[in-house]
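entry.cif (mmCIF, C-alpha atoms) appears below.
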```cif
data_work
loop_
_atom_site.label_atom_id
_atom_site.label_comp_id
_atom_site.auth_asym_id
_atom_site.auth_seq_id
_atom_site.Cartn_x
_atom_site.Cartn_y
_atom_site.Cartn_z
CA MET A 1 0.00 0.00 0.00
CA SER A 2 1.38 3.38 -0.98
CA ILE A 3 0.83 6.30 1.36
CA SER A 4 3.08 8.64 -0.58
CA SER A 5 0.11 10.83 -1.50
CA SER A 6 -3.24 11.44 0.10
CA ALA A 7 -4.84 10.42 -3.19
CA THR A 8 -3.81 6.81 -2.55
CA LEU A 9 -4.04 6.59 1.25
CA ASN A 10 -5.61 3.22 2.13
CA ASP A 11 -5.59 2.48 -1.62
CA VAL A 12 -8.67 4.69 -1.89
CA ASP A 13 -9.06 6.73 -5.09
CA LEU A 14 -9.91 9.97 -3.34
CA ASP A 15 -9.70 11.89 -6.62
CA ALA A 16 -12.70 9.94 -7.90
CA VAL A 17 -14.66 10.65 -4.71
CA VAL A 18 -13.75 14.36 -4.80
CA GLY A 19 -14.74 14.45 -8.48
CA LEU A 20 -18.13 12.94 -7.64
CA VAL A 21 -18.68 15.46 -4.85
CA LYS A 22 -17.88 18.32 -7.23
CA ALA A 23 -20.17 16.88 -9.91
CA ILE A 24 -23.03 16.71 -7.37
CA GLN A 25 -22.34 20.27 -6.21
CA ASP A 26 -22.61 21.41 -9.84
CA GLU A 27 -25.60 19.20 -10.65
CA PRO A 28 -27.43 17.92 -7.54
CA GLU A 29 -29.44 15.42 -9.60
CA VAL A 30 -26.21 13.43 -10.09
CA ALA A 31 -26.67 12.30 -6.46
CA ALA A 32 -29.93 10.52 -7.29
CA THR A 33 -28.90 6.94 -8.00
CA THR A 34 -30.84 3.74 -8.63
CA TRP A 35 -29.37 0.31 -7.89
CA SER A 36 -30.67 -3.02 -9.14
CA ALA A 37 -30.51 -6.77 -8.70
CA GLU A 38 -32.35 -9.67 -10.33
CA VAL A 39 -32.95 -12.91 -8.47
CA ARG A 40 -33.67 -16.21 -10.17
CA TRP A 41 -35.07 -19.21 -8.34
CA ASN A 42 -33.21 -22.48 -8.97
CA GLY A 43 -35.51 -24.94 -7.16
CA GLY A 44 -35.85 -25.74 -3.48
CA PHE A 45 -34.50 -22.87 -1.41
CA GLN A 46 -31.70 -22.17 -3.88
CA SER A 47 -31.57 -18.96 -5.88
CA GLU A 48 -29.01 -16.52 -7.20
CA ALA A 49 -28.75 -12.74 -7.34
CA ARG A 50 -27.53 -11.29 -10.62
CA ILE A 51 -25.99 -7.84 -10.31
CA ARG A 52 -24.67 -6.10 -13.43
CA GLU A 53 -22.13 -8.33 -15.17
CA PHE A 54 -20.77 -9.98 -12.03
CA THR A 55 -20.84 -13.68 -11.22
CA PRO A 56 -24.28 -14.44 -9.69
CA VAL A 57 -24.34 -14.60 -5.88
CA PRO A 58 -25.72 -17.97 -4.74
CA SER A 59 -28.20 -18.36 -1.89
CA ASP A 60 -29.56 -21.34 0.02
CA GLU A 61 -30.79 -22.32 3.47
CA PRO A 62 -29.30 -24.67 6.08
CA VAL A 63 -30.55 -28.25 6.12
CA ALA A 64 -32.44 -27.66 9.38
CA LEU A 65 -34.48 -25.00 7.58
CA GLY A 66 -35.22 -27.28 4.61
CA GLY A 67 -32.40 -26.18 2.32
CA ALA A 68 -29.41 -27.95 0.80
CA ASP A 69 -26.91 -25.67 2.59
CA THR A 70 -24.91 -24.82 -0.53
CA ALA A 71 -24.50 -21.08 0.18
CA PRO A 72 -25.07 -18.36 2.81
CA ASN A 73 -28.72 -17.67 3.46
CA PRO A 74 -30.42 -14.30 2.87
CA VAL A 75 -30.21 -13.00 6.44
CA GLU A 76 -26.49 -13.84 6.53
CA GLN A 77 -26.11 -12.01 3.20
CA LEU A 78 -27.81 -9.00 4.80
CA LEU A 79 -25.25 -8.97 7.62
CA GLY A 80 -22.44 -9.27 5.06
CA ALA A 81 -23.82 -6.31 3.10
CA LEU A 82 -23.85 -4.21 6.28
CA GLY A 83 -20.25 -5.12 7.10
CA ASN A 84 -19.08 -4.44 3.55
CA CYS A 85 -20.85 -1.06 3.61
CA LEU A 86 -19.19 -0.09 6.90
CA ALA A 87 -15.80 -1.12 5.48
CA VAL A 88 -16.27 1.34 2.59
CA GLY A 89 -17.25 4.01 5.10
CA TYR A 90 -14.14 3.53 7.24
CA ALA A 91 -11.84 3.43 4.20
CA ALA A 92 -13.38 6.55 2.65
CA ASN A 93 -13.58 8.67 5.78
CA ALA A 94 -10.19 7.58 7.14
CA SER A 95 -8.62 8.59 3.83
CA VAL A 96 -10.31 11.99 3.92
CA ALA A 97 -9.05 12.46 7.50
CA GLY A 98 -5.50 11.37 6.59
CA ILE A 99 -5.67 8.24 8.74
CA ALA A 100 -3.90 5.10 7.51
CA ILE A 101 -5.80 1.89 8.27
CA ARG A 102 -3.56 -1.06 9.13
CA ASP A 103 -6.29 -3.62 9.58
CA LEU A 104 -10.08 -3.65 9.67
CA ARG A 105 -12.26 -6.59 10.63
CA ILE A 106 -15.97 -6.36 11.36
CA GLU A 107 -17.97 -9.00 13.25
CA LEU A 108 -21.73 -8.96 12.79
CA THR A 109 -24.49 -10.93 14.48
CA GLY A 110 -28.25 -10.71 14.27
CA ASP A 111 -30.96 -12.26 16.43
CA LEU A 112 -34.03 -13.61 14.68
CA ASP A 113 -37.05 -15.46 16.03
CA LEU A 114 -38.14 -17.94 13.34
CA ARG A 115 -41.77 -18.17 14.47
CA ALA A 116 -43.13 -15.33 12.32
CA PHE A 117 -41.36 -16.64 9.21
CA LEU A 118 -42.77 -20.11 9.86
CA GLY A 119 -46.31 -18.79 10.39
CA LEU A 120 -46.38 -19.76 14.08
CA ARG A 121 -47.17 -16.21 15.18
CA GLU A 122 -48.03 -12.84 13.68
CA GLY A 123 -45.68 -9.90 13.64
CA HIS A 124 -42.06 -9.07 12.97
CA ALA A 125 -40.24 -11.75 10.98
CA GLY A 126 -36.97 -9.83 10.68
CA PHE A 127 -33.96 -9.32 12.89
CA ASP A 128 -34.89 -8.19 16.40
CA GLY A 129 -31.49 -6.57 16.68
CA ILE A 130 -28.15 -6.42 14.90
CA HIS A 131 -24.86 -6.14 16.75
CA VAL A 132 -21.61 -5.08 15.13
CA ALA A 133 -18.12 -5.17 16.66
CA VAL A 134 -15.56 -3.20 14.65
CA HIS A 135 -11.89 -4.11 15.05
CA LEU A 136 -10.06 -1.12 13.61
CA ASP A 137 -6.27 -0.90 13.78
CA ALA A 138 -5.27 2.51 12.44
CA ASP A 139 -2.66 5.21 12.87
CA ALA A 140 -4.77 7.61 14.93
CA SER A 141 -5.64 8.58 18.50
CA PRO A 142 -8.65 7.06 20.29
CA ASP A 143 -10.47 10.38 19.85
CA GLN A 144 -9.78 10.43 16.13
CA LEU A 145 -10.94 6.82 15.82
CA GLN A 146 -14.14 7.57 17.71
CA GLN A 147 -14.80 10.59 15.48
CA LEU A 148 -14.17 8.44 12.39
CA HIS A 149 -16.49 5.78 13.78
CA ASP A 150 -19.27 8.29 14.49
CA THR A 151 -19.00 9.65 10.94
CA VAL A 152 -19.18 6.16 9.41
CA VAL A 153 -22.18 5.10 11.50
CA GLY A 154 -23.90 8.41 10.74
CA THR A 155 -23.56 8.05 6.96
CA SER A 156 -23.87 4.33 6.22
CA PRO A 157 -26.35 3.59 3.41
CA VAL A 158 -26.93 -0.03 4.47
CA GLY A 159 -26.80 0.84 8.18
CA HIS A 160 -29.48 3.49 7.76
CA THR A 161 -31.63 1.25 5.57
CA LEU A 162 -31.69 -1.37 8.35
CA ALA A 163 -32.02 1.01 11.31
CA ARG A 164 -34.86 3.01 9.78
CA ALA A 165 -38.22 2.08 8.29
CA VAL A 166 -37.83 2.17 4.50
CA PRO A 167 -40.79 1.85 2.10
CA VAL A 168 -40.58 -1.58 0.47
CA ASN A 169 -43.14 -2.18 -2.28
CA ILE A 170 -43.38 -5.77 -3.47
CA ASP A 171 -45.76 -6.44 -6.33
CA LEU A 172 -46.72 -9.41 -8.47
CA ALA A 173 -45.81 -8.26 -11.97
CA MET B 1 -38.24 -31.51 -10.56
CA SER B 2 -40.29 -34.27 -8.99
CA ILE B 3 -43.83 -33.48 -7.94
CA SER B 4 -44.70 -37.07 -7.16
CA SER B 5 -45.03 -36.30 -3.45
CA SER B 6 -45.87 -33.16 -1.55
CA ALA B 7 -42.62 -33.61 0.37
CA THR B 8 -40.64 -32.76 -2.74
CA LEU B 9 -42.93 -30.24 -4.44
CA ASN B 10 -40.74 -27.47 -5.85
CA ASP B 11 -37.75 -29.50 -4.64
CA VAL B 12 -38.49 -28.18 -1.16
CA ASP B 13 -37.75 -30.53 1.75
CA LEU B 14 -41.06 -29.94 3.50
CA ASP B 15 -40.33 -32.71 5.98
CA ALA B 16 -37.43 -30.68 7.34
CA VAL B 17 -39.60 -27.56 7.63
CA VAL B 18 -42.40 -29.51 9.33
CA GLY B 19 -39.84 -31.07 11.67
CA LEU B 20 -38.55 -27.62 12.61
CA VAL B 21 -42.08 -26.36 13.26
CA LYS B 22 -42.75 -29.35 15.52
CA ALA B 23 -39.45 -28.84 17.35
CA ILE B 24 -40.38 -25.19 18.00
CA GLN B 25 -43.85 -26.17 19.18
CA ASP B 26 -42.23 -28.56 21.67
CA GLU B 27 -39.44 -26.15 22.66
CA PRO B 28 -40.17 -22.52 21.71
CA GLU B 29 -36.57 -21.49 22.43
CA VAL B 30 -35.50 -23.44 19.32
CA ALA B 31 -36.98 -20.53 17.32
CA ALA B 32 -34.43 -18.08 18.74
CA THR B 33 -31.61 -18.08 16.21
CA THR B 34 -28.46 -16.00 15.83
CA TRP B 35 -26.80 -15.45 12.45
CA SER B 36 -23.28 -14.17 11.83
CA ALA B 37 -20.91 -12.78 9.25
CA GLU B 38 -17.35 -11.47 9.42
CA VAL B 39 -16.11 -8.83 7.02
CA ARG B 40 -12.45 -8.25 6.24
CA TRP B 41 -11.17 -5.12 4.53
CA ASN B 42 -8.83 -5.76 1.59
CA GLY B 43 -7.73 -2.18 0.80
CA GLY B 44 -9.49 0.56 -1.11
CA PHE B 45 -13.23 -0.10 -1.16
CA GLN B 46 -12.73 -3.85 -1.48
CA SER B 47 -13.76 -6.23 1.28
CA GLU B 48 -15.21 -9.69 1.67
CA ALA B 49 -17.90 -11.22 3.86
CA ARG B 50 -17.06 -14.58 5.40
CA ILE B 51 -20.08 -16.66 6.34
CA ARG B 52 -19.59 -20.08 7.93
CA GLU B 53 -17.38 -22.21 5.68
CA PHE B 54 -18.56 -20.75 2.38
CA THR B 55 -16.41 -18.96 -0.18
CA PRO B 56 -16.11 -15.32 0.94
CA VAL B 57 -18.49 -12.90 -0.81
CA PRO B 58 -16.51 -10.08 -2.45
CA SER B 59 -17.56 -6.43 -2.35
CA ASP B 60 -16.35 -3.30 -4.12
CA GLU B 61 -17.65 0.03 -5.44
CA PRO B 62 -18.00 1.29 -9.02
CA VAL B 63 -15.17 3.42 -10.39
CA ALA B 64 -17.33 6.57 -10.25
CA LEU B 65 -17.59 6.07 -6.48
CA GLY B 66 -13.84 5.56 -6.04
CA GLY B 67 -13.75 1.78 -6.23
CA ALA B 68 -12.15 -0.73 -8.58
CA ASP B 69 -15.51 -2.21 -9.64
CA THR B 70 -14.52 -5.83 -9.03
CA ALA B 71 -17.78 -6.93 -7.35
CA PRO B 72 -21.33 -5.83 -6.50
CA ASN B 73 -21.46 -3.04 -3.97
CA PRO B 74 -23.12 -3.29 -0.54
CA VAL B 75 -26.45 -1.71 -1.49
CA GLU B 76 -26.72 -4.05 -4.48
CA GLN B 77 -25.95 -6.96 -2.13
CA LEU B 78 -28.78 -5.74 0.10
CA LEU B 79 -31.23 -5.91 -2.83
CA GLY B 80 -29.94 -9.38 -3.70
CA ALA B 81 -30.48 -10.56 -0.12
CA LEU B 82 -34.08 -9.32 -0.24
CA GLY B 83 -34.75 -11.11 -3.53
CA ASN B 84 -33.17 -14.34 -2.30
CA CYS B 85 -35.26 -14.15 0.88
CA LEU B 86 -38.47 -13.67 -1.09
CA ALA B 87 -37.56 -16.64 -3.31
CA VAL B 88 -37.33 -18.87 -0.21
CA GLY B 89 -40.67 -17.52 0.94
CA TYR B 90 -42.43 -18.31 -2.36
CA ALA B 91 -40.88 -21.78 -2.57
CA ALA B 92 -41.76 -22.65 1.02
CA ASN B 93 -45.30 -21.31 1.05
CA ALA B 94 -46.14 -22.56 -2.44
CA SER B 95 -45.05 -26.05 -1.38
CA VAL B 96 -47.20 -25.90 1.76
CA ALA B 97 -50.15 -24.79 -0.39
CA GLY B 98 -49.55 -27.54 -2.96
CA ILE B 99 -48.68 -25.06 -5.72
CA ALA B 100 -46.00 -26.06 -8.24
CA ILE B 101 -43.77 -23.16 -9.28
CA ARG B 102 -42.72 -23.27 -12.92
CA ASP B 103 -40.54 -20.16 -12.89
CA LEU B 104 -39.74 -17.36 -10.47
CA ARG B 105 -37.78 -14.24 -11.24
CA ILE B 106 -37.60 -11.19 -8.99
CA GLU B 107 -36.49 -7.72 -10.12
CA LEU B 108 -35.41 -5.30 -7.41
CA THR B 109 -34.48 -1.63 -7.57
CA GLY B 110 -33.66 0.88 -4.86
CA ASP B 111 -33.37 4.68 -5.00
CA LEU B 112 -30.57 6.27 -3.03
CA ASP B 113 -29.46 9.89 -2.77
CA LEU B 114 -25.67 9.86 -2.36
CA ARG B 115 -25.45 13.23 -0.60
CA ALA B 116 -25.79 11.96 2.98
CA PHE B 117 -23.20 9.23 2.40
CA LEU B 118 -20.80 11.81 0.93
CA GLY B 119 -21.32 14.24 3.81
CA LEU B 120 -23.03 16.85 1.62
CA ARG B 121 -26.14 16.92 3.80
CA GLU B 122 -27.39 15.49 7.09
CA GLY B 123 -30.02 12.80 7.35
CA HIS B 124 -30.96 9.51 5.78
CA ALA B 125 -28.11 7.87 3.85
CA GLY B 126 -30.02 4.69 2.99
CA PHE B 127 -32.51 3.69 0.34
CA ASP B 128 -35.44 6.12 0.06
CA GLY B 129 -37.53 3.30 -1.31
CA ILE B 130 -37.20 -0.25 -2.60
CA HIS B 131 -39.35 -1.59 -5.43
CA VAL B 132 -39.76 -5.27 -6.19
CA ALA B 133 -41.47 -6.82 -9.22
CA VAL B 134 -42.14 -10.55 -8.81
CA HIS B 135 -42.56 -12.64 -11.96
CA LEU B 136 -44.17 -15.83 -10.71
CA ASP B 137 -45.27 -18.54 -13.12
CA ALA B 138 -47.08 -21.20 -11.12
CA ASP B 139 -49.86 -23.73 -11.37
CA ALA B 140 -52.50 -21.74 -9.46
CA SER B 141 -55.35 -19.27 -9.88
CA PRO B 142 -54.75 -15.51 -9.64
CA ASP B 143 -56.46 -15.55 -6.23
CA GLN B 144 -54.21 -18.34 -4.99
CA LEU B 145 -51.15 -16.50 -6.28
CA GLN B 146 -52.23 -13.29 -4.56
CA GLN B 147 -52.78 -15.16 -1.30
CA LEU B 148 -49.35 -16.78 -1.65
CA HIS B 149 -47.83 -13.38 -2.36
CA ASP B 150 -49.48 -11.79 0.67
CA THR B 151 -48.20 -14.59 2.91
CA VAL B 152 -44.65 -14.23 1.59
CA VAL B 153 -44.58 -10.45 1.98
CA GLY B 154 -46.10 -10.77 5.46
CA THR B 155 -43.43 -13.20 6.70
CA SER B 156 -40.19 -12.20 4.97
CA PRO B 157 -37.26 -11.87 7.41
CA VAL B 158 -35.22 -9.59 5.12
CA GLY B 159 -38.31 -7.71 3.91
CA HIS B 160 -39.38 -6.94 7.47
CA THR B 161 -35.84 -5.97 8.50
CA LEU B 162 -35.78 -3.36 5.71
CA ALA B 163 -39.35 -2.11 6.04
CA ARG B 164 -39.17 -1.66 9.81
CA ALA B 165 -36.77 0.17 12.12
CA VAL B 166 -34.43 -2.45 13.61
CA PRO B 167 -31.96 -1.67 16.42
CA VAL B 168 -28.46 -1.67 14.94
CA ASN B 169 -25.66 -1.30 17.50
CA ILE B 170 -22.25 -0.65 15.99
CA ASP B 171 -19.33 -0.45 18.43
CA LEU B 172 -15.58 -0.07 18.19
CA ALA B 173 -14.32 -3.23 19.88
#
```
What is this structure when it is put down as structure tokens?
Amino acid sequence: MSISSSATLNDVDLDAVVGLVKAIQDEPEVAATTWSAEVRWNGGFQSEARIREFTPVPSDEPVALGGADTAPNPVEQLLGALGNCLAVGYAANASVAGIAIRDLRIELTGDLDLRAFLGLREGHAGFDGIHVAVHLDADASPDQLQQLHDTVVGTSPVGHTLARAVPVNIDLA
Amino acid sequence: MSISSSATLNDVDLDAVVGLVKAIQDEPEVAATTWSAEVRWNGGFQSEARIREFTPVPSDEPVALGGADTAPNPVEQLLGALGNCLAVGYAANASVAGIAIRDLRIELTGDLDLRAFLGLREGHAGFDGIHVAVHLDADASPDQLQQLHDTVVGTSPVGHTLARAVPVNIDLA
């Protein structure tokens, strides 16, 4: 990893980020983005998510839930998406603050009562709570790390989507 | 796909699901599950989510956002997780209802204003709304399909996690 210039601190292309910020300041509508995925069912509890031109992401359920256990299940994928989003946030904001990250590891757990999913009770079928432990080894003071952390948590797209009620419209086409 | 017995309709192992339901009815604490993921940062905006013993799921950002565009980004992963979760829901509930699914394809989009993530404004950094179009080809009447759909939407773990405010605690370890 080169830290010879701020533009490559943490291997982050800050020039691209700064360019995007400037583009949005010139034309605010540039900030309005739409993201997509297409899921195809493959039989049983197996499916795959196709995103742009990337290799499809496989999904399955554990045997105890009736699956063939060939891939992470959807709620595990959700936790992974949150961790990956936080990683981008730390890398971006540390680079802006001039902080070199040596190592970053994020542990995520979520508690889920299966009864609503299985039709054994009404109500909330999702995670009751999500807990994240961030192991951040970086060249900064505890105060700087806490400030970085607060910024990341306060601006995380996936974090906010989970922590807030977001309109989800699901229609038979 | 064998539809010779209800236990294998849609290739779903209904016996396993029924067994889990019975186990929960005998011991309700069996329903309390905890799911985990661990994310490791790989430099820049690249990271990977490790889930049980499966191949790590890679993550990156598009070039315009400062990434190297080697993998789906976290908000795309989130949409994929929702679609995969809905697929499980249709397969499970269709099998219980005796409905054979011929084909299932789910299109997901989400609208996101980048300004909060980029620190250009305060407030919500997540999806403003998520839209899902379900293409379900199955051996059932429109009324049966609508009932199936309503059950799936009403019991989706990922769907409920997104549509409702869930406590997300993120701590520096």
Thr151 of chain B proximity check over A:Ala31, A:Ala68, A:Ala81, A:Ala125, using all atoms listed in the file: winner is A:Ala125
Nearby residues, (-2.2, 1.6, 8.5) file frame, 8 Å, only C-alpha atoms, as a list in words: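 I get Asn10, Ile99, Ala100, Ile101, Arg102, Asp103, Asp137, Ala138 and Asp139 of chain A for the residues within 8 Å of that point.
Take the candidates B:Pro142, B:Pro56, B:Gly159, B:Pro167 and check each one against Ala37 of chain B using all atoms listed in the file; the shortest distance goes to B:Pro56.
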Leaving out Gly19 of chain B and any residue of its chain fewer than 2 positions from it, which residues lie within 12 Å of it when counting only C-alpha atoms, given as a ChimeraX atom specification? /A:63-66,118 /B:7,13-17,21-26,30
Spatial neighbours of Val152 of chain A, max dist 8 Å, all atoms listed in the file, sep filter under 2 positions, as number ranges by chain: A: 86, 89-90, 93, 148-150, 154-156
Return the single residue from B:Thr109, B:Pro74, B:Gln147, B:Pro28 that is closest to Arg121 of chain A, with distances computed using only C-alpha atoms.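 Closest candidate: B:Pro28.
Here atom CA of His160 of chain A is placed at a distance of 6.5 Å from atom CA of His124 of chain B.
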List the spatial neighbours of segment 38-53 of chain A as a VMD selection string - criterion: any atom at most 9 Å away, only C-alpha atoms, same-chain residues fewer than 3 positions off excluded. (chain A and resid 56 to 61 66 to 71) or (chain B and resid 1 8 to 13 71 to 72 76 to 77 79 to 81 83 to 84 87 to 89 91 to 92 101 103 to 109)
Could you tell me which of A:Asp111, A:Glu29, A:Thr34, A:Pro62 comes closest to Ile130 of chain A if we count all atoms listed in the file?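 Among the listed residues, A:Asp111 lies closest to Ile130 of chain A.
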Computed gap from atom CA of Gly129 of chain B to atom CA of Val158 of chain A is 12.5 Å
State, in Å with one decimal place, the distance from atom CA of Gly110 of chain A to atom CA of Cys85 of chain A.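 Taking atom CA of Gly110 of chain A as the start and atom CA of Cys85 of chain A as the end point, the length is 16.2 Å.
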Choose the residue, out of A:Leu162, A:Ala140, A:Ala94, A:Val18, that has the smallest atom-to-atom separation from chain B; count only C-alpha atoms. A:Leu162
Just say which residues the PyMOL selection byres ((chain B and resi 171) around 9) picks in this file, as a list in words. His131, Val132, Ala133, Val134, His135 and His149 of chain A; Asn169, Ile170, Leu172 and Ala173 of chain B
Find the axis-aligned box for segment 6-25 of chain A, covering all its listed atoms and adding 8 Å on each side, and write its centre and edge lengths in Å to one decimal as JSON.
```
{"center_x": -13.1, "center_y": 11.4, "center_z": -3.9, "size_x": 35.8, "size_y": 33.8, "size_z": 28.0}
```
Give as a list in words the set of residues within 10 Å of the point (-37.2, 3.1, 7.2), where distances use the file's coordinates and only C-alpha atoms. His160, Thr161, Leu162, Ala163, Arg164, Ala165, Val166, Pro167 and Val168 of chain A; His124, Gly126, Phe127, Asp128, Gly129, Thr161, Leu162, Ala163, Arg164, Ala165 and Val166 of chain B
Here is a test: counting only C-alpha atoms, which residue of B:Ala32, B:Thr55, B:Gln144, B:Glu122 is nearest to chain A?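 Result for the nearest residue to chain A: B:Ala32.
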